[in-house]
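Chemist: Before I ask anything, here is the structure I am working with.
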Amino acid sequence: MSWKHTTVMLREAVDALVHDPHGTYVDGTFGRGGHSRAILEELDSDGRLIAFDKDPEAIASAHAIEDERFSIRHASFTAMAELPAASVDGVLLDLGVSSPQIDNPARGFSFRNDGPLDMRMDPTRGESVADWLESAETDQIAEVIRDYGEERFAGQIAKAIVARRQELGPLATTAELAQLVAGAVRTREPGQDPATRTFQAFRIFINAELEDLQQTLKHTLRILRPGGTLVVISFHSLEDRIVKQFMVQHSREVYDRRLPAAFATAPAPMPLTDVQRVRPTADEVAGNPRSRSAILRCAVRTEVPA
């Protein structure tokens with residue numbers, strides 16, 4: 001089945017990213033190629049686009065693009081560390097899960113549709129959530145749910161998972177996990193499924209999403225040319241906090257406050273400037289409710305060495 005995907009903040013991202021039609025750009029999360037195709041439309045014949053994605057289904061979708069200016073690698077966006085220094089004019093990271101991943105029950109991302117408890121972005125590598133939960137200790141499970149899901153009932157959920165494993169065997173499906181979490185979570189915000197935070201936590205953990213993001217943001221400072229743009233779209237507070245702190249850290253002028261005012265020197269030059277924050281329009285949210293939590297942050301690389 002072909003699962004539909006609507007690209008979030010398409011024009012905002014591409015307009016912020018592409019400033020030189022002759023340039024070389026990176027799409028760190030190809031997904032179903034919405035951003036990549038729009039970027040290619042903005043490039044001249046000598047422009048280039050390098051894409052990355054961990055999902056084999058995304059790679060298969062990318063092979064439909066027959067364009068000499070385009071290439072894709074089956075890898076995490078952390079692999080952009082292998083690109084030469086100061087070799088690209090812009091990097092786009094569209095974080096989170098694509099609609100085809102959520103809507104396809106076989107991928108195990110959704111608590112609304114029953115399927116195998118997997119959640120791997122790349123199901124050909126690493127262990128699934130079900131595999132991990134077969135042996136994970138209560139404290140470890142609780143820590144993951146608390147840290148990556150910001151779930152206040154993390155302890156109760158973890159205990160319920162381990163008790164279920166000891167009594168009936170390990171969890172194998174998304175429906176089993178969702179039902180178990182619903183029984184352990186006493187209250188929840190109106191309109192939010194009790195399993196939302198736990199599913200988010202397990203997905204982030206099993207795919208090392210936050211660790212990969214932190215590494216990749218550092219890589220962008222090295223591979224971006226002066227004047228190059230960094231554009232990141234995030235969908236939840238944990239990843240957006242990392243992006244925001246990174247951009248603030250590398251764009252805010254720092255003075256040596258230990259020196260008396262009379263001896264104060266100019267602030268150290270910073271590698272990022274022109275930091276901006278953009279939210280989706282009301283029309284986009286109305287047409288695509290999954291865009292409502294999106295935050296786009298962008299910054300420009302300065303002349304300062306990484």
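Here's how to read the names in the structure tokens: chain A, B, ... by the order shown, residue numbers from 1 in each chain, ligand numbers from 1 in the order shown.
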Find the spatial neighbours of Arg164 (chain A), counting only C-alpha atoms, within a cut-off of 12 Å - ignore same-chain residues fewer than 3 positions away - and output them as a list in words.

Modeler: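 The residues satisfying every condition are Leu133, Glu134, Thr138, Ile157, Ala158, Lys159, Ala160, Ile161, Glu167, Leu168, Gly169, Pro170, Leu171, Ala172, Glu176, Leu177, Gln179, Leu180, Val181, Gly183 and Ala184 of chain A.
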
Chemist: Could you give me, as a Markdown table, every region 4-112 of chain A residue with an atom at most 8 Å from region 193-211 of chain A, plus its closest atom pair and distance in Å to one decimal, counting only C-alpha atoms, rows ordered by chain then number?

Modeler:
```
| residue | atom | partner | partner_atom | distance |
| --- | --- | --- | --- | --- |
| A:Phe109 | CA | A:Phe199 | CA | 7.3 |
| A:Ser110 | CA | A:Phe199 | CA | 7.7 |
| A:Phe111 | CA | A:Ala195 | CA | 6.8 |
```

Chemist: Include N, CA, C and O atoms and write out the residues we just selected as a PDB file, in the first residue's frame.

Modeler:
```pdb
ATOM      1  N   PHE A 109       4.824   2.046  14.920  1.00  0.00           N
ATOM      2  CA  PHE A 109       4.962   3.364  15.539  1.00  0.00           C
ATOM      3  C   PHE A 109       3.669   3.854  16.196  1.00  0.00           C
ATOM      4  O   PHE A 109       3.714   4.719  17.058  1.00  0.00           O
ATOM      5  N   SER A 110       2.538   3.335  15.763  1.00  0.00           N
ATOM      6  CA  SER A 110       1.254   3.906  16.153  1.00  0.00           C
ATOM      7  C   SER A 110       0.550   3.085  17.223  1.00  0.00           C
ATOM      8  O   SER A 110       0.492   1.857  17.149  1.00  0.00           O
ATOM      9  N   PHE A 111      -0.010   3.787  18.202  1.00  0.00           N
ATOM     10  CA  PHE A 111      -0.810   3.117  19.221  1.00  0.00           C
ATOM     11  C   PHE A 111      -2.265   3.012  18.783  1.00  0.00           C
ATOM     12  O   PHE A 111      -3.077   2.407  19.460  1.00  0.00           O
TER      13      PHE A 111
END
```

Chemist: Using only C-alpha atoms, which of A:Gly227, A:Glu41, A:Leu217, A:Thr173 sits nearest Gln245 (chain A)?

Modeler: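 Between A:Gly227, A:Glu41, A:Leu217, A:Thr173, the residue approaching Gln245 (chain A) most closely is A:Leu217.
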
Chemist: If we count only C-alpha atoms, what is near Phe246 (chain A) at a cut-off of 9 Å, once residues fewer than 4 positions away on the same chain are taken out, given as number ranges by chain?

Modeler: A: 214, 217-218, 241-242, 250-251

Chemist: May I have the selected residues written with all heavy atoms, as a short mmCIF file (atom, residue, chain, number, x, y, z; two decimals), in the first residue's frame?

Modeler:
```
data_model
loop_
_atom_site.label_atom_id
_atom_site.label_comp_id
_atom_site.auth_asym_id
_atom_site.auth_seq_id
_atom_site.Cartn_x
_atom_site.Cartn_y
_atom_site.Cartn_z
N GLN A 214 22.15 15.74 18.27
CA GLN A 214 23.22 16.53 18.88
C GLN A 214 24.53 16.40 18.09
O GLN A 214 25.23 17.39 17.86
CB GLN A 214 23.42 16.08 20.33
CG GLN A 214 22.28 16.49 21.25
CD GLN A 214 22.38 15.87 22.63
OE1 GLN A 214 22.79 14.72 22.79
NE2 GLN A 214 21.98 16.62 23.65
N LEU A 217 24.17 18.29 14.56
CA LEU A 217 24.23 19.75 14.64
C LEU A 217 25.68 20.22 14.71
O LEU A 217 26.06 21.22 14.07
CB LEU A 217 23.45 20.24 15.86
CG LEU A 217 21.93 20.11 15.77
CD1 LEU A 217 21.29 20.45 17.11
CD2 LEU A 217 21.37 21.00 14.66
N LYS A 218 26.51 19.52 15.45
CA LYS A 218 27.93 19.88 15.51
C LYS A 218 28.59 19.71 14.15
O LYS A 218 29.43 20.53 13.74
CB LYS A 218 28.64 19.03 16.56
CG LYS A 218 28.17 19.27 17.99
CD LYS A 218 28.85 18.32 18.96
CE LYS A 218 28.33 18.51 20.37
NZ LYS A 218 28.94 17.54 21.33
N ARG A 241 14.27 21.80 21.95
CA ARG A 241 15.14 22.39 22.98
C ARG A 241 16.61 22.23 22.60
O ARG A 241 17.41 23.15 22.78
CB ARG A 241 14.86 21.71 24.33
CG ARG A 241 15.53 22.37 25.53
CD ARG A 241 15.13 21.65 26.80
NE ARG A 241 13.69 21.58 26.92
CZ ARG A 241 13.02 20.51 27.34
NH1 ARG A 241 13.67 19.40 27.66
NH2 ARG A 241 11.70 20.53 27.42
N ILE A 242 16.96 21.07 22.06
CA ILE A 242 18.35 20.83 21.63
C ILE A 242 18.72 21.79 20.51
O ILE A 242 19.81 22.40 20.51
CB ILE A 242 18.52 19.37 21.18
CG1 ILE A 242 18.43 18.44 22.38
CG2 ILE A 242 19.85 19.17 20.46
CD1 ILE A 242 18.40 16.97 22.02
N HIS A 250 25.74 29.05 19.81
CA HIS A 250 26.70 29.37 18.76
C HIS A 250 26.39 30.68 18.04
O HIS A 250 27.03 30.98 17.01
CB HIS A 250 26.77 28.22 17.76
CG HIS A 250 27.35 26.98 18.33
ND1 HIS A 250 28.70 26.84 18.58
CD2 HIS A 250 26.77 25.82 18.75
CE1 HIS A 250 28.93 25.64 19.10
NE2 HIS A 250 27.78 25.01 19.22
N SER A 251 25.47 31.47 18.57
CA SER A 251 25.18 32.76 17.95
C SER A 251 25.26 33.93 18.92
O SER A 251 25.29 35.08 18.50
CB SER A 251 23.78 32.73 17.31
OG SER A 251 22.78 32.58 18.31
#
```

Chemist: Write out as a short mmCIF file (atom, residue, chain, number, x, y, z; two decimals) with N, CA, C and O atoms, in the first residue's frame each polymer residue whose atoms come within 7 Å of Phe77 (chain A), counting only C-alpha atoms; drop sequence neighbours fewer than 3 positions from it.

Modeler:
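As a result, around.cif now contains:
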```
data_model
loop_
_atom_site.label_atom_id
_atom_site.label_comp_id
_atom_site.auth_asym_id
_atom_site.auth_seq_id
_atom_site.Cartn_x
_atom_site.Cartn_y
_atom_site.Cartn_z
N GLY A 28 18.82 16.02 5.20
CA GLY A 28 19.22 14.97 6.12
C GLY A 28 18.16 13.92 6.39
O GLY A 28 18.48 12.87 6.93
N THR A 29 16.91 14.22 6.02
CA THR A 29 15.80 13.27 6.25
C THR A 29 14.91 13.28 5.02
O THR A 29 13.94 14.03 4.96
N PHE A 52 19.92 11.93 2.83
CA PHE A 52 20.17 10.79 3.72
C PHE A 52 18.83 10.30 4.26
O PHE A 52 17.90 11.08 4.44
N ASP A 53 18.73 9.01 4.54
CA ASP A 53 17.58 8.48 5.26
C ASP A 53 17.90 7.08 5.75
O ASP A 53 18.55 6.31 5.04
N MET A 80 26.62 12.68 7.51
CA MET A 80 27.08 13.88 6.82
C MET A 80 28.42 14.37 7.40
O MET A 80 29.08 15.22 6.81
N THR A 216 24.86 15.59 14.89
CA THR A 216 24.73 16.15 13.55
C THR A 216 24.77 17.67 13.57
O THR A 216 25.36 18.29 12.67
#
```

Chemist: I want to know what sits within 8 Å of region 274-283 of chain A, based on only C-alpha atoms, with residues of the same chain fewer than 3 positions away left out; could you give that as a count of residues only?

Modeler: 16

Chemist: As a PyMOL selection string, please: every residue in region 33-236 of chain A that a backbone DSSP assignment puts in strand (DSSP E or B).

Modeler: chain A and resi 48-53+70-74+88-94+116+173+224-234

Chemist: Taking the chain letters and numbering used in this document, name the residues of region 52-125 of chain A that DSSP puts in alpha helix (DSSP H), as a list in words.

Modeler: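 Here are the alpha helix (DSSP H) residues of region 52-125 of chain A: Pro56, Glu57, Ala58, Ile59, Ala60, Ser61, Ala62, Ser99, Pro100, Gln101, Ile102 and Asp103 of chain A.
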
Chemist: Applying 9 Å and only C-alpha atoms, which residues near Gln101 (chain A) remain after dropping the ones on its own chain fewer than 3 positions away? List them as a list in words.

Modeler: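 Near Gln101 (chain A), the qualifying residues are Trp3, Val97, Ser98, Asn104, Pro105, Ala106, Arg107, Gly108, Phe109, Ser110, Met119 and Met121 of chain A.
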
Chemist: Let's have the selection written as an mmCIF file, in the first residue's frame, with all heavy atoms.

Modeler:
```cif
data_model
loop_
_atom_site.group_PDB
_atom_site.id
_atom_site.type_symbol
_atom_site.label_atom_id
_atom_site.label_comp_id
_atom_site.auth_asym_id
_atom_site.auth_seq_id
_atom_site.Cartn_x
_atom_site.Cartn_y
_atom_site.Cartn_z
ATOM 1 N N TRP A 3 1.430 4.848 1.269
ATOM 2 C CA TRP A 3 0.965 5.674 2.383
ATOM 3 C C TRP A 3 1.235 7.138 2.076
ATOM 4 O O TRP A 3 2.329 7.525 1.698
ATOM 5 C CB TRP A 3 1.684 5.263 3.672
ATOM 6 C CG TRP A 3 1.547 3.806 3.949
ATOM 7 C CD1 TRP A 3 2.442 2.827 3.618
ATOM 8 C CD2 TRP A 3 0.442 3.146 4.547
ATOM 9 N NE1 TRP A 3 1.968 1.605 4.002
ATOM 10 C CE2 TRP A 3 0.740 1.756 4.575
ATOM 11 C CE3 TRP A 3 -0.775 3.579 5.081
ATOM 12 C CZ2 TRP A 3 -0.122 0.826 5.111
ATOM 13 C CZ3 TRP A 3 -1.641 2.646 5.616
ATOM 14 C CH2 TRP A 3 -1.318 1.297 5.628
ATOM 15 N N VAL A 97 8.820 11.571 12.780
ATOM 16 C CA VAL A 97 8.357 10.406 12.039
ATOM 17 C C VAL A 97 7.487 10.864 10.881
ATOM 18 O O VAL A 97 6.678 11.778 11.022
ATOM 19 C CB VAL A 97 7.538 9.472 12.958
ATOM 20 C CG1 VAL A 97 7.181 8.183 12.251
ATOM 21 C CG2 VAL A 97 8.309 9.171 14.231
ATOM 22 N N SER A 98 7.645 10.239 9.729
ATOM 23 C CA SER A 98 6.823 10.594 8.582
ATOM 24 C C SER A 98 5.464 9.915 8.677
ATOM 25 O O SER A 98 5.296 8.899 9.362
ATOM 26 C CB SER A 98 7.517 10.187 7.276
ATOM 27 O OG SER A 98 7.570 8.777 7.164
ATOM 28 N N ASN A 104 1.398 3.131 8.713
ATOM 29 C CA ASN A 104 1.575 1.722 8.370
ATOM 30 C C ASN A 104 1.698 0.906 9.653
ATOM 31 O O ASN A 104 2.725 0.971 10.337
ATOM 32 C CB ASN A 104 2.825 1.549 7.505
ATOM 33 C CG ASN A 104 3.028 0.112 7.066
ATOM 34 O OD1 ASN A 104 2.278 -0.785 7.441
ATOM 35 N ND2 ASN A 104 4.062 -0.115 6.271
ATOM 36 N N PRO A 105 0.696 0.106 10.020
ATOM 37 C CA PRO A 105 0.756 -0.647 11.281
ATOM 38 C C PRO A 105 1.952 -1.573 11.378
ATOM 39 O O PRO A 105 2.435 -1.854 12.485
ATOM 40 C CB PRO A 105 -0.557 -1.440 11.270
ATOM 41 C CG PRO A 105 -1.465 -0.701 10.352
ATOM 42 C CD PRO A 105 -0.574 -0.122 9.289
ATOM 43 N N ALA A 106 2.466 -2.032 10.248
ATOM 44 C CA ALA A 106 3.584 -2.978 10.260
ATOM 45 C C ALA A 106 4.862 -2.364 10.805
ATOM 46 O O ALA A 106 5.772 -3.090 11.223
ATOM 47 C CB ALA A 106 3.836 -3.509 8.845
ATOM 48 N N ARG A 107 4.927 -1.021 10.817
ATOM 49 C CA ARG A 107 6.138 -0.369 11.328
ATOM 50 C C ARG A 107 6.135 -0.250 12.855
ATOM 51 O O ARG A 107 7.182 -0.003 13.460
ATOM 52 C CB ARG A 107 6.294 1.020 10.696
ATOM 53 C CG ARG A 107 6.410 1.020 9.178
ATOM 54 C CD ARG A 107 7.602 0.203 8.689
ATOM 55 N NE ARG A 107 8.851 0.674 9.236
ATOM 56 C CZ ARG A 107 9.589 1.636 8.670
ATOM 57 N NH1 ARG A 107 9.180 2.194 7.537
ATOM 58 N NH2 ARG A 107 10.726 2.013 9.212
ATOM 59 N N GLY A 108 4.972 -0.368 13.480
ATOM 60 C CA GLY A 108 4.903 -0.395 14.938
ATOM 61 C C GLY A 108 5.069 0.936 15.630
ATOM 62 O O GLY A 108 5.399 0.988 16.817
ATOM 63 N N PHE A 109 4.824 2.046 14.920
ATOM 64 C CA PHE A 109 4.962 3.364 15.539
ATOM 65 C C PHE A 109 3.669 3.854 16.196
ATOM 66 O O PHE A 109 3.714 4.719 17.058
ATOM 67 C CB PHE A 109 5.370 4.408 14.482
ATOM 68 C CG PHE A 109 6.800 4.306 14.027
ATOM 69 C CD1 PHE A 109 7.109 3.715 12.819
ATOM 70 C CD2 PHE A 109 7.831 4.808 14.802
ATOM 71 C CE1 PHE A 109 8.426 3.629 12.388
ATOM 72 C CE2 PHE A 109 9.147 4.723 14.383
ATOM 73 C CZ PHE A 109 9.451 4.133 13.172
ATOM 74 N N SER A 110 2.538 3.335 15.763
ATOM 75 C CA SER A 110 1.254 3.906 16.153
ATOM 76 C C SER A 110 0.550 3.085 17.223
ATOM 77 O O SER A 110 0.492 1.857 17.149
ATOM 78 C CB SER A 110 0.341 4.015 14.930
ATOM 79 O OG SER A 110 -0.945 4.466 15.304
ATOM 80 N N MET A 119 9.111 0.001 15.839
ATOM 81 C CA MET A 119 9.463 1.421 15.956
ATOM 82 C C MET A 119 10.847 1.779 15.439
ATOM 83 O O MET A 119 11.282 2.917 15.598
ATOM 84 C CB MET A 119 9.330 1.938 17.398
ATOM 85 C CG MET A 119 7.941 1.853 17.991
ATOM 86 S SD MET A 119 7.790 2.868 19.475
ATOM 87 C CE MET A 119 6.401 2.087 20.272
ATOM 88 N N MET A 121 13.418 3.122 12.794
ATOM 89 C CA MET A 121 13.430 3.842 11.531
ATOM 90 C C MET A 121 13.991 2.952 10.421
ATOM 91 O O MET A 121 13.547 3.010 9.282
ATOM 92 C CB MET A 121 14.270 5.119 11.648
ATOM 93 C CG MET A 121 13.759 6.125 12.651
ATOM 94 S SD MET A 121 12.228 6.899 12.103
ATOM 95 C CE MET A 121 12.029 8.162 13.368
#
```

Chemist: For CA of Phe70 (chain A) and CA of Arg120 (chain A), quote the distance in Å rounded to one decimal.

Modeler: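 One can read the CA of Phe70 (chain A) to CA of Arg120 (chain A) distance as 25.9 Å.
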
Chemist: Find the residues near Arg152 (chain A): any atom within 10 Å, counting only C-alpha atoms, skip ones fewer than 4 places away on the same chain, and give them as a list in words.

Modeler: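 In the requested format, the answer is Ala142, Ile145, Arg146, Asp147, Gln156, Ile157, Val185 and Arg197 of chain A.
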
Chemist: When you count only C-alpha atoms, which of these residues is closest to His219 (chain A): A:Leu49, A:Thr78, A:Phe30, A:Leu43?

Modeler: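 Closest residue, counting only C-alpha atoms: A:Thr78.
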
Chemist: Measuring between only C-alpha atoms, which one of A:Val232, A:Asp122, A:Arg11, A:Pro21 shows the shortest distance to Glu57 (chain A)?

Modeler: A:Asp122

Chemist: Quick one: of A:Arg69, A:Arg112, A:Lys244, A:His19, who's nearest to Gln192 (chain A), counting only C-alpha atoms?

Modeler: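 Closest to Gln192 (chain A) of all the choices is A:Arg112.
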
Chemist: Give me, please, the distance in Å between CA of Arg48 (chain A) and CA of Glu82 (chain A), quoted to one decimal.

Modeler: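 CA of Arg48 (chain A) sits 16.5 Å away from CA of Glu82 (chain A).
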